[in-house]
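Colleague: Before anything else, here's the structure in question.
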Amino acid sequence: MKNLLVKLRLLGLLFLSLLIVKKDVLAQKQNIKNDVFWDTKEGKPIYSQGGGIFAFKDPKTGQEKYYWYGVHYKGAEIYREYPNKTYPGTGFESVTCYTSTDLVNWSFESDALTKEAASEKGRGGWVGRLGVAFVKEINKYAMFVQHGNGVLIAVSDSPAGPFTWHQKISMQEIIGTPNTGDQTVFTDEDTGKSYLVYSYGRGRNKIYISEIGIKNGKVDLLDCVKIFQGAGREGNCMFKYKGKYYMAASNLYGWDSSLVYYLVADDIRGPYKPENNMLVMDGAADDYGHITQTGFFVTVRGTEQETVVYCGDRWSDFAGNGLGYNQWVPLSFNGEKPYFNSLNSWNLDVKTGRWNVAKDNNWVKNASFEADRKAIPSLAKPVQTVLTGWETNVLKGNKISLDTNTSPTLNFANTEEDRKRVIGERSLNMSDKIDFQRNVSQKITSSPYVKLPDGYYTLTANIRNSDGFFSLEMYAESAGKRVVSKIKGANPSWTTIELKRVPVKNGKVEIGFKADGKANSSCQVDDVSFIKEE
């Protein structure tokens with residue numbers, strides 16, 4: 001009997017320890033929330049655009065940390081404070097450095113490259129995309145920065161800086177233009193070698209890789225290999241997964257968001273496939289890479305899983321396309337084929353490498369209608385007649401076409417006053433010059449890598465409408481069951497409507513807005529959310 005009690009006690013202790021371990025493992029998962037402005041763990045704004053994240057040892061403690069470098073623009077301060085207006089100009093302030101051990105909680109370390117250190121004979125100018133490499137030959141850290149009509153190389157004894165002017169190089173003799181089109185730094189963790197990844201300065205229709213090292217006693221580029229020549233691309237950046245190298249880039253859409261393109265190779269210098277023909281990453285087309293341009297990647301090699309994190313730049317300070325400057329999502333893979341998981345909120349454990357969708361994730365893609373950079377239909381690139389991520393069904397009225405005299409406009413240009421109430425430059429628009437009936441919808445389903453859980457959800461949107469509607473409604477439909485919120489009368493000011501307890505079954509639901517209106521009646525919709533209830 002005594003032995004039995006001892007065994008039961010041991011089993012109880014073992015069970016308790018397993019619960020504690022499980023609790024600790026779960027607690028290690030940290031939340032990454034997109035579509036908001038980010039703060040440090042001390043509560044200060046994070047200003048970091050066009051940069052990269054690199055793993056270095058803290059010289060004081062010897063602990064390996066993530067060092068995140070990016071540009072702090074004056075415009076980012078202004079837009080964060082008042083995102084109701086899109087501002088021209090940039091205004092370089094510094095290259096900032098933040099550190100973290102979990103990729104989620106960041107602390108400000110320094111202005112690693114100050115405005116004074118980056119100035120050229122007292123003059124300012126464009127300072128843009130950048131990255132940092134450790135140069136073991138001289139035991140220093142080298143920052144490569146787009147700098148006016150060339151590439152600035154600054155060096156430091158510490159990863160947090162201060163970085164000082166080393167030399168500025170012209171790319172003229174290397175590629176035929178003095179500047180790079182766009183650039184990042186990629187470090188191969190398996191070899192320890194670092195590379196500058198960059199495009200041709202005019203038209204950006206060529207992409208190159210150069211190894212970073214010492215030449216003639218200076219930090220410099222050791223070689224130049226062209227890996228792509230085709231359509232113009234920017235936001236050039238790389239990652240490595242399961243021994244393969246991936247080259248990624250965006251379209252040439254100014255500050256606006258883009259499809260996510262990629263090539264893959266077995267060797268960093270190529271050949272990259274498909275040759276000179278970039279593929280669109282699956283999962284990224286419905287909202288233009290979660291309304292970003294390609295920025296950089298971080299590969300987390302955990303104890304249980306290797307996870308590649310896509311770190312996109314949302315240039316909302318200059319494009320007005322929503323909130324937040326940094327949008328990070330995890331990639332999945334089918335063999336060597338990457339899949340873009342466009343998530344609003346997700347959890348990451350850097351120790352194990354595992355991630356999962358957060359409970360407060362908004363499942364709507366292009367929820368604030370900011371993926372499209374122009375009025376739709378658009379005659380300018382990208383030429384299109386559909387709202388990205390949404391399906392428009394004209395039941396009655398003028399057809400959607402490129403004929404500007406007859407076609408209805410599918411989105412609305414929000415005014416500064418509108419943006420005090422709704423997010424970004426654009427909203428959904430339902431109107432016509434003649435009597436019309438229209439249905440605008442989005443099908444939300446489980447993907448091969450992310451399951452849409454069955455259960456109850458809340459559907460929310462901001463709406464504004466004139467009178468003249470026979471009927472106007474927001475709806476959700478799953479497994480044959482349709483629930484509706486009817487909008488009564490005119491709402492001259494933006495109003496929030498919601499549908500609670502929306503049932504979802506079989507991992508599929510359609511959400512949408514249906515209008516039956518008289519000629520010239522109008523309804524705008526913005527900031528749609530579909531979030532699972534507790």
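Following the order of the structure tokens, first chain is A, next is B, and so on, with residues numbered from 1 inside each chain and ligands from 1 in the order they appear.
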Would you pick out the contacts of range 490-492 of chain A at 7 Å or less, using only C-alpha atoms, so that residues sharing its chain but fewer than 6 positions from it are not included, and give the list as a list in words?
Modeller: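 So the residues in contact are Arg464, Asn465, Ser466 and Asp467 of chain A.
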Colleague: Only N, CA and C atoms, please: the residues just picked out, written as a PDB file, in the first residue's frame.
Modeller:
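What ended up in selection.pdb:
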ATOM      1  N   ARG A 464     -21.641  54.265 -44.639  1.00  0.00           N
ATOM      2  CA  ARG A 464     -22.269  55.571 -44.799  1.00  0.00           C
ATOM      3  C   ARG A 464     -23.108  55.490 -46.059  1.00  0.00           C
ATOM      4  N   ASN A 465     -24.346  55.940 -46.023  1.00  0.00           N
ATOM      5  CA  ASN A 465     -25.196  55.811 -47.210  1.00  0.00           C
ATOM      6  C   ASN A 465     -26.194  56.948 -47.313  1.00  0.00           C
ATOM      7  N   SER A 466     -26.556  57.235 -48.556  1.00  0.00           N
ATOM      8  CA  SER A 466     -27.604  58.222 -48.827  1.00  0.00           C
ATOM      9  C   SER A 466     -28.964  57.542 -48.711  1.00  0.00           C
ATOM     10  N   ASP A 467     -30.019  58.303 -48.968  1.00  0.00           N
ATOM     11  CA  ASP A 467     -31.331  57.659 -49.093  1.00  0.00           C
ATOM     12  C   ASP A 467     -31.462  57.147 -50.526  1.00  0.00           C
TER      13      ASP A 467
END
Colleague: To one decimal in Å, tell me the separation between CA of Gln524 in chain A and CA of Phe412 in chain A.
Modeller: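 CA of Phe412 in chain A lies 7.2 Å from CA of Gln524 in chain A.
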Colleague: For Tyr198 in chain A, please output as a ChimeraX atom specification all residues within 10 Å (counting only C-alpha atoms; exclusion window: fewer than 6 positions along the same chain).
Modeller: /A:129,179-185,204,206-210,226,233-237
Colleague: Rank nothing, just name the residue among A:Glu473, A:Glu370, A:Glu416, A:Asp432 nearest to Val394 in chain A, using only C-alpha atoms.
Modeller: A:Asp432
Colleague: Neighbouring residues of range 433-440 of chain A were defined as those with any atom within 6 Å, considering only C-alpha atoms; residues of the same chain fewer than 4 positions away were excluded. Please report them as a list in words.
Modeller: Glu391, Thr392, Asn393, Val394, Leu395, Lys396, Gly397, Gly512, Phe513, Lys514, Ala515, Asp516, Gly517, Lys518, Ala519 and Asn520 of chain A
